[in-house]
file coords24.csv (CSV, C-alpha atoms and all ligand atoms)
chain,number,residue,atom,x,y,z
Q,23,MET,CA,177.8,92.3,119.0
Q,24,ASN,CA,180.8,90.2,119.7
Q,25,SER,CA,184.5,91.0,119.5
Q,26,LYS,CA,184.6,89.9,115.9
Q,27,GLY,CA,182.0,92.5,114.9
Q,28,ILE,CA,179.4,90.0,113.9
Q,29,LYS,CA,175.8,90.6,114.9
Q,30,HIS,CA,174.0,88.5,112.3
Q,31,MET,CA,175.2,85.3,110.6
Q,32,SER,CA,173.0,84.0,107.8
Q,33,ILE,CA,173.3,80.6,106.2
Q,34,ILE,CA,172.0,79.3,102.9
Q,35,MET,CA,171.7,75.6,103.9
Q,36,ASP,CA,172.4,73.8,100.6
Q,37,GLY,CA,173.4,70.3,99.6
Q,38,ASN,CA,170.9,68.1,101.4
Q,39,GLY,CA,169.8,66.4,98.1
Q,40,ARG,CA,173.4,65.7,97.0
Q,41,TRP,CA,174.3,64.3,100.4
Q,42,ALA,CA,171.4,61.8,100.2
Q,43,GLU,CA,172.1,60.9,96.6
Q,44,LEU,CA,175.7,60.1,97.4
Q,45,ARG,CA,174.4,57.5,99.8
Q,46,GLY,CA,171.8,56.2,97.5
Q,47,GLU,CA,169.0,57.5,99.7
Q,48,PRO,CA,166.0,59.6,98.9
Q,49,ARG,CA,166.5,63.4,99.0
Q,50,SER,CA,164.3,63.7,102.0
Q,51,MET,CA,166.9,61.8,104.1
Q,52,GLY,CA,169.3,64.6,103.4
Q,53,HIS,CA,166.7,67.1,104.8
Q,54,ILE,CA,166.3,65.0,107.9
Q,55,ALA,CA,170.1,64.7,108.3
Q,56,GLY,CA,170.3,68.5,108.0
Q,57,ILE,CA,168.5,69.1,111.3
Q,58,LYS,CA,171.6,68.2,113.4
Q,59,SER,CA,173.5,70.8,111.4
Q,60,VAL,CA,171.0,73.4,112.4
Q,61,LYS,CA,171.8,72.5,116.0
Q,62,GLN,CA,175.5,72.9,115.3
Q,63,ALA,CA,174.9,76.4,113.9
Q,64,ILE,CA,172.8,77.3,116.9
Q,65,GLU,CA,175.4,76.2,119.3
Q,66,ALA,CA,178.2,77.9,117.5
Q,67,SER,CA,176.2,81.2,117.4
Q,68,ILE,CA,175.6,81.1,121.1
Q,69,VAL,CA,179.3,80.3,121.9
Q,70,ASN,CA,180.4,83.1,119.7
Q,71,ASN,CA,177.9,85.6,121.0
Q,72,VAL,CA,176.3,86.1,117.6
Q,73,GLU,CA,172.9,87.6,118.3
Q,74,TYR,CA,171.1,86.7,115.1
Q,75,LEU,CA,171.2,83.5,113.2
Q,76,SER,CA,169.0,83.3,110.1
Q,77,LEU,CA,168.7,80.2,108.0
Q,78,TYR,CA,167.4,80.0,104.5
Q,79,ALA,CA,165.2,76.9,104.8
Q,80,PHE,CA,162.9,77.1,101.8
Q,81,SER,CA,162.7,79.5,98.9
Q,82,GLU,CA,159.6,80.7,97.0
Q,83,GLU,CA,161.1,78.8,94.1
Q,84,ASN,CA,161.4,75.6,96.1
Q,85,TRP,CA,157.6,75.3,95.9
Q,86,SER,CA,158.2,74.1,92.3
Q,87,ARG,CA,160.0,70.9,93.5
Q,88,PRO,CA,158.2,67.6,93.3
Q,89,GLN,CA,155.1,67.7,95.5
Q,90,GLU,CA,156.4,64.7,97.6
Q,91,GLU,CA,159.6,66.6,98.5
Q,92,VAL,CA,157.7,69.8,99.3
Q,93,ASP,CA,155.3,67.8,101.6
Q,94,LYS,CA,158.1,66.1,103.3
Q,95,LEU,CA,160.0,69.3,103.9
Q,96,MET,CA,156.8,71.0,105.4
Q,97,SER,CA,156.1,68.0,107.6
Q,98,LEU,CA,159.7,68.0,108.8
Q,99,MET,CA,159.3,71.6,109.7
Q,100,LEU,CA,156.1,70.9,111.6
Q,101,SER,CA,157.6,67.9,113.5
Q,102,SER,CA,160.8,69.8,114.4
Q,103,ILE,CA,158.9,72.7,115.8
Q,104,GLY,CA,157.0,70.2,118.1
Q,105,LYS,CA,160.1,68.3,119.1
Q,106,GLU,CA,162.4,71.2,119.8
Q,107,ARG,CA,159.9,73.5,121.5
Q,108,GLU,CA,161.2,73.0,125.1
Q,109,GLU,CA,164.8,72.8,124.2
Q,110,LEU,CA,164.8,76.0,122.2
Q,111,ASN,CA,163.1,77.8,125.0
Q,112,ASN,CA,165.5,76.3,127.7
Q,113,GLN,CA,168.4,77.6,125.7
Q,114,GLY,CA,166.9,81.1,125.7
Q,115,ILE,CA,166.3,81.2,122.0
Q,116,ARG,CA,163.7,83.5,120.4
Q,117,PHE,CA,162.3,81.6,117.4
Q,118,ARG,CA,160.8,83.3,114.4
Q,119,VAL,CA,159.8,82.4,110.9
Q,120,LEU,CA,159.9,85.1,108.1
Q,121,GLY,CA,158.6,84.6,104.6
Q,122,ASN,CA,155.4,84.3,102.6
Q,123,ARG,CA,153.4,82.7,105.4
Q,124,SER,CA,150.2,82.8,103.3
Q,125,ARG,CA,151.5,79.8,101.4
Q,126,LEU,CA,152.0,77.6,104.5
Q,127,SER,CA,149.3,75.3,105.8
Q,128,LEU,CA,147.0,76.4,108.7
Q,129,GLU,CA,148.5,73.7,110.9
Q,130,LEU,CA,152.1,74.8,110.2
Q,131,ASN,CA,151.2,78.4,110.7
Q,132,ASN,CA,149.5,77.7,114.0
Q,133,ALA,CA,152.6,75.7,115.2
Q,134,ILE,CA,154.9,78.6,114.2
Q,135,ASP,CA,152.7,81.2,115.9
Q,136,ASP,CA,152.7,79.1,119.0
Q,137,LEU,CA,156.4,78.7,119.2
Q,138,MET,CA,157.0,82.4,118.3
Q,139,GLN,CA,154.8,83.4,121.2
Q,140,PHE,CA,156.3,80.9,123.6
Q,141,THR,CA,159.8,82.1,123.0
Q,142,GLU,CA,159.1,85.8,122.3
Q,143,ASP,CA,160.8,87.1,125.5
Q,144,ASN,CA,164.0,85.1,125.0
Q,145,THR,CA,167.1,87.2,124.2
Q,146,LYS,CA,170.1,84.8,124.1
Q,147,LEU,CA,169.8,84.2,120.3
Q,148,HIS,CA,167.4,85.3,117.6
Q,149,LEU,CA,166.8,82.2,115.5
Q,150,ILE,CA,165.1,83.2,112.2
Q,151,ILE,CA,163.9,80.6,109.8
Q,152,MET,CA,163.4,82.0,106.3
Q,153,LEU,CA,160.6,79.9,105.0
Q,154,SER,CA,158.8,80.4,101.7
Q,155,TYR,CA,161.1,83.4,101.4
Q,156,SER,CA,162.7,85.1,98.4
Q,157,GLY,CA,164.4,88.5,98.2
Q,158,LYS,CA,162.3,89.7,95.2
Q,159,TRP,CA,159.1,88.6,97.0
Q,160,ASP,CA,160.2,90.6,100.1
Q,161,ILE,CA,160.8,93.8,98.1
Q,162,LEU,CA,157.6,93.4,96.2
Q,163,GLN,CA,155.5,92.8,99.3
Q,164,ALA,CA,157.1,95.9,100.9
Q,165,ALA,CA,156.3,98.1,98.0
Q,166,LYS,CA,152.7,96.8,98.0
Q,167,ALA,CA,152.3,97.4,101.7
Q,168,LEU,CA,153.7,100.9,101.3
Q,169,ALA,CA,151.3,101.7,98.4
Q,170,GLN,CA,148.4,100.4,100.5
Q,171,ASP,CA,149.3,102.6,103.5
Q,172,TYR,CA,149.5,105.6,101.1
Q,173,LYS,CA,146.1,104.7,99.6
Q,174,LEU,CA,144.5,104.4,103.1
Q,175,ASN,CA,146.1,107.7,104.2
Q,176,LYS,CA,148.1,105.9,106.8
Q,177,ILE,CA,151.1,107.9,105.6
Q,178,SER,CA,150.8,111.6,104.7
Q,179,GLU,CA,151.7,113.2,101.4
Q,180,GLU,CA,154.7,114.7,103.2
Q,181,GLU,CA,155.9,111.3,104.6
Q,182,PHE,CA,155.4,109.8,101.2
Q,183,ASN,CA,157.6,112.4,99.6
Q,184,GLN,CA,160.3,111.7,102.2
Q,185,ILE,CA,160.5,107.9,102.0
Q,186,SER,CA,164.0,107.0,102.6
Q,187,LEU,CA,166.0,103.8,102.5
Q,188,SER,CA,165.4,103.3,106.2
Q,189,SER,CA,161.7,104.0,106.1
Q,190,PHE,CA,161.3,101.6,103.2
Q,191,GLU,CA,163.2,99.0,105.2
Q,192,ASP,CA,160.4,99.2,107.8
Q,193,TYR,CA,158.2,97.4,105.3
Q,194,LEU,CA,160.6,94.5,104.6
Q,195,VAL,CA,160.0,91.3,106.7
Q,196,THR,CA,163.4,91.8,108.3
Q,197,ARG,CA,162.4,95.3,109.6
Q,198,ASP,CA,163.7,94.6,113.1
Q,199,VAL,CA,166.7,92.4,112.0
Q,200,PRO,CA,170.1,93.9,111.3
Q,201,ASP,CA,171.5,93.2,107.9
Q,202,PRO,CA,173.6,90.0,107.8
Q,203,ASP,CA,177.3,90.5,108.4
Q,204,ILE,CA,178.0,87.1,106.8
Q,205,ILE,CA,176.0,85.1,104.3
Q,206,LEU,CA,177.5,81.6,104.3
Q,207,ARG,CA,176.5,79.1,101.7
Q,208,THR,CA,177.3,75.4,101.8
Q,209,ALA,CA,177.7,72.8,99.0
Q,210,SER,CA,179.9,74.8,96.6
Q,211,GLU,CA,177.3,76.9,94.8
Q,212,GLN,CA,178.3,80.5,94.5
Q,213,ARG,CA,175.1,82.3,94.1
Q,214,LEU,CA,172.3,83.9,96.3
Q,215,SER,CA,169.4,82.1,94.8
Q,216,ASN,CA,167.0,84.9,95.4
Q,217,TYR,CA,168.0,85.2,99.1
Q,218,PHE,CA,168.5,88.6,100.9
Q,219,LEU,CA,168.7,90.7,97.8
Q,220,TRP,CA,168.2,94.0,99.7
Q,221,GLN,CA,169.8,93.0,103.0
Q,222,ALA,CA,172.9,91.5,101.4
Q,223,SER,CA,174.2,94.8,100.0
Q,224,TYR,CA,177.3,94.8,102.3
Q,225,SER,CA,177.3,91.2,103.6
Q,226,GLU,CA,180.5,89.3,103.3
Q,227,LEU,CA,179.8,86.2,101.1
Q,228,ILE,CA,181.5,83.0,102.1
Q,229,PHE,CA,181.1,79.8,100.1
Q,230,ILE,CA,182.2,76.4,101.4
Q,231,ASP,CA,182.2,72.9,100.0
Q,232,THR,CA,180.7,71.1,103.0
Q,233,LEU,CA,177.2,69.7,102.2
Q,234,TRP,CA,174.7,71.0,104.8
Q,235,PRO,CA,174.1,67.6,106.6
Q,236,ASP,CA,177.9,67.4,107.2
Q,237,PHE,CA,178.1,71.0,108.6
Q,238,THR,CA,179.7,71.3,112.0
Q,239,LYS,CA,180.7,74.0,114.5
Q,240,GLU,CA,184.2,73.8,112.9
Q,241,ASP,CA,182.7,75.0,109.6
Q,242,TYR,CA,181.1,77.9,111.4
Q,243,ASP,CA,184.4,78.8,113.1
Q,244,LYS,CA,186.2,78.6,109.7
Q,245,ALA,CA,183.7,81.1,108.3
Q,246,LEU,CA,184.3,83.4,111.3
Q,247,LYS,CA,188.0,83.2,110.6
Q,248,ILE,CA,187.6,84.0,106.9
Q,249,PHE,CA,185.4,87.0,107.9
Q,250,SER,CA,188.0,88.3,110.3
Q,251,LYS,CA,190.5,88.6,107.4
Q,252,ARG,CA,188.1,90.6,105.2
Q,253,GLU,CA,188.2,94.3,105.1
Q,254,ARG,CA,184.8,95.9,105.0
Q,255,ARG,CA,184.8,99.3,103.5
Q,256,PHE,CA,181.1,100.1,102.9
Q,257,GLY,CA,182.1,102.2,99.9
Q,258,LYS,CA,184.5,104.4,101.8
Q,259,VAL,CA,188.3,104.4,101.5
J,301,LIG,C1,168.9,72.5,100.5
J,301,LIG,O1,169.3,71.4,99.9
J,301,LIG,C2,167.5,72.4,101.1
J,301,LIG,C3,166.5,73.1,100.4
J,301,LIG,C4,166.6,73.9,99.4
J,301,LIG,C5,165.1,72.9,100.9
J,301,LIG,P1,168.9,70.9,98.5
J,301,LIG,O2,167.7,70.1,98.6
J,301,LIG,O3,168.8,72.1,97.6
J,301,LIG,O4,170.1,70.0,98.1
J,301,LIG,P2,170.9,69.9,96.7
J,301,LIG,O5,171.3,71.3,96.3
J,301,LIG,O6,169.9,69.4,95.7
J,301,LIG,O7,172.0,69.0,96.9
J,302,LIG,C1,168.5,77.8,97.9
J,302,LIG,O1,168.9,76.6,97.5
J,302,LIG,C2,167.4,77.7,98.8
J,302,LIG,C3,167.7,77.1,100.1
J,302,LIG,C4,168.8,76.6,100.5
J,302,LIG,C5,166.6,77.0,101.0
J,302,LIG,P1,168.5,75.9,96.1
J,302,LIG,O2,169.1,74.6,96.1
J,302,LIG,O3,167.0,76.0,95.9
J,302,LIG,O4,169.2,76.9,95.0
J,302,LIG,P2,169.5,76.6,93.5
J,302,LIG,O5,168.3,76.1,92.8
J,302,LIG,O6,170.6,75.6,93.4
J,302,LIG,O7,169.9,78.0,93.0
J,303,MG,MG,170.3,73.1,96.4
call {"tool": "encode", "arguments": {"input": "coords24.csv", "output": "structure tokens"}}
result
Amino acid sequence: MNSKGIKHMSIIMDGNGRWAELRGEPRSMGHIAGIKSVKQAIEASIVNNVEYLSLYAFSEENWSRPQEEVDKLMSLMLSSIGKEREELNNQGIRFRVLGNRSRLSLELNNAIDDLMQFTEDNTKLHLIIMLSYSGKWDILQAAKALAQDYKLNKISEEEFNQISLSSFEDYLVTRDVPDPDIILRTASEQRLSNYFLWQASYSELIFIDTLWPDFTKEDYDKALKIFSKRERRFGKV
């Protein structure tokens, strides 16, 4: 935790397509240009002692985009993992991917596993890429896993009767990640688009106009400033 009380910054990285269209380029150019913004967000997190940075990179609904765009996004993910491997580790970053991994290719899953293992002892920053993720999917998979544990007698009748918010959270993919203090969305849309539906219960929502490929550390700092002026009450007075 830093002096501003922010442990976890989460970003809905939106506006790549519009950024490319404004330049008369294919949408995929916007996704490529967005990589440098990811680096800006990582740097800003480290400078500000934010321990967790999660990035919404691809939603379950994004699988419905044209196949060519989906393929390009997945290959960009694969190539970035290869290219940034050493740099991420040198910076002390622990890399993770959370989401519906069963929909990813074997090649991409192997590369993700490799980088997750390679960086698992790092503690400077938890970088969490939310890939093939959606909030409803997360809650559903948690409920299914819980039902399965009950069926297999992995949890007793008594434990089942005492399921609490916190024991249910142990089944979400974010089980060891604190809820986001800030959810920052770029590119002017003011919605969650099926992001952290459970985890966002008390997140401060911040919306900015910057398109993701134009995002800089200054935008990050601006979000921290907006957050510092918010009063979080968590339902109390
Ligand atoms: C965000 O940019 C990246 C992903 C959702 C994968 P978009 O591709 O949604 O860009 P816009 O919203 O069309 O401009
Ligand atoms: C949300 O953006 C998903 C990501 C940024 C990865 P979308 O661009 O898919 O959201 P909608 O369709 O505008 O709600
Ligand atoms: Mg979008």
call {"tool": "residues_around", "arguments": {"input": "coords24.csv", "residues": "stretch 71-85 of chain Q", "least_positions_apart": "3", "cutoff": "7 Å", "atoms": "only C-alpha atoms", "output": "NGL selection string"}}
result
:Q and (23-24 or 28-35 or 67-68 or 92 or 147-156)
call {"tool": "atom_distance", "arguments": {"input": "coords24.csv", "atom1": "atom CA of Q:Pro235", "atom2": "atom CA of Q:Glu91"}}
result
16.6 Å
call {"tool": "atom_distance", "arguments": {"input": "coords24.csv", "atom1": "atom CA of Q:Glu108", "atom2": "atom O1 of ligand LIG 302 (chain J)"}}
result
28.9 Å
call {"tool": "residues_around", "arguments": {"input": "coords24.csv", "residues": "stretch 198-214 of chain Q", "least_positions_apart": "2", "cutoff": "9 Å", "atoms": "only C-alpha atoms", "output": "JSON, numbers by chain"}}
result
{"Q": [27, 28, 29, 30, 31, 32, 33, 34, 35, 36, 37, 38, 40, 74, 75, 76, 192, 195, 196, 216, 217, 218, 219, 220, 221, 222, 223, 224, 225, 226, 227, 228, 229, 230, 231, 232, 233, 234, 237, 242, 245, 246, 249]}
call {"tool": "closest_residue", "arguments": {"input": "coords24.csv", "among": "Q:Phe256, Q:Trp41, Q:Phe117, Q:Phe190", "to": "ligand MG 303 (chain J)", "atoms": "all atoms listed in the file"}}
result
Q:Trp41
call {"tool": "residues_around", "arguments": {"input": "coords24.csv", "residues": "Q:Leu137", "least_positions_apart": "5", "cutoff": "9 Å", "atoms": "all atoms listed in the file", "output": "mmCIF file with C-alpha atoms, keeping the file's coordinate frame"}}
result
data_model
loop_
_atom_site.group_PDB
_atom_site.id
_atom_site.type_symbol
_atom_site.label_atom_id
_atom_site.label_comp_id
_atom_site.auth_asym_id
_atom_site.auth_seq_id
_atom_site.Cartn_x
_atom_site.Cartn_y
_atom_site.Cartn_z
ATOM 1 C CA ILE Q 103 158.900 72.700 115.800
ATOM 2 C CA GLY Q 104 157.000 70.200 118.100
ATOM 3 C CA ARG Q 107 159.900 73.500 121.500
ATOM 4 C CA ASN Q 111 163.100 77.800 125.000
ATOM 5 C CA ARG Q 116 163.700 83.500 120.400
ATOM 6 C CA PHE Q 117 162.300 81.600 117.400
ATOM 7 C CA ARG Q 118 160.800 83.300 114.400
ATOM 8 C CA ASN Q 132 149.500 77.700 114.000
ATOM 9 C CA GLU Q 142 159.100 85.800 122.300
#
call {"tool": "atom_distance", "arguments": {"input": "coords24.csv", "atom1": "atom CA of Q:Lys146", "atom2": "atom CA of Q:Ile115"}}
result
5.6 Å
call {"tool": "closest_residue", "arguments": {"input": "coords24.csv", "among": "Q:Lys258, Q:Asp160, Q:Lys166, Q:Leu100", "to": "Q:Asp136", "atoms": "only C-alpha atoms"}}
result
Q:Leu100
call {"tool": "closest_residue", "arguments": {"input": "coords24.csv", "among": "Q:Thr238, Q:Asn70, Q:Ser86, Q:Thr141", "to": "ligand LIG 302 (chain J)", "atoms": "all atoms listed in the file"}}
result
Q:Ser86
call {"tool": "closest_residue", "arguments": {"input": "coords24.csv", "among": "Q:Gly157, Q:Phe182, Q:Lys244, Q:His53", "to": "ligand MG 303 (chain J)", "atoms": "all atoms listed in the file"}}
result
Q:His53
call {"tool": "closest_residue", "arguments": {"input": "coords24.csv", "among": "Q:Pro88, Q:Glu129, Q:Leu194, Q:Glu65", "to": "ligand LIG 301 (chain J)", "atoms": "only C-alpha atoms and all ligand atoms"}}
result
Q:Pro88
call {"tool": "closest_residue", "arguments": {"input": "coords24.csv", "among": "Q:Asp135, Q:Gly121, Q:Ala42, Q:Ser178", "to": "Q:Lys158", "atoms": "all atoms listed in the file"}}
result
Q:Gly121
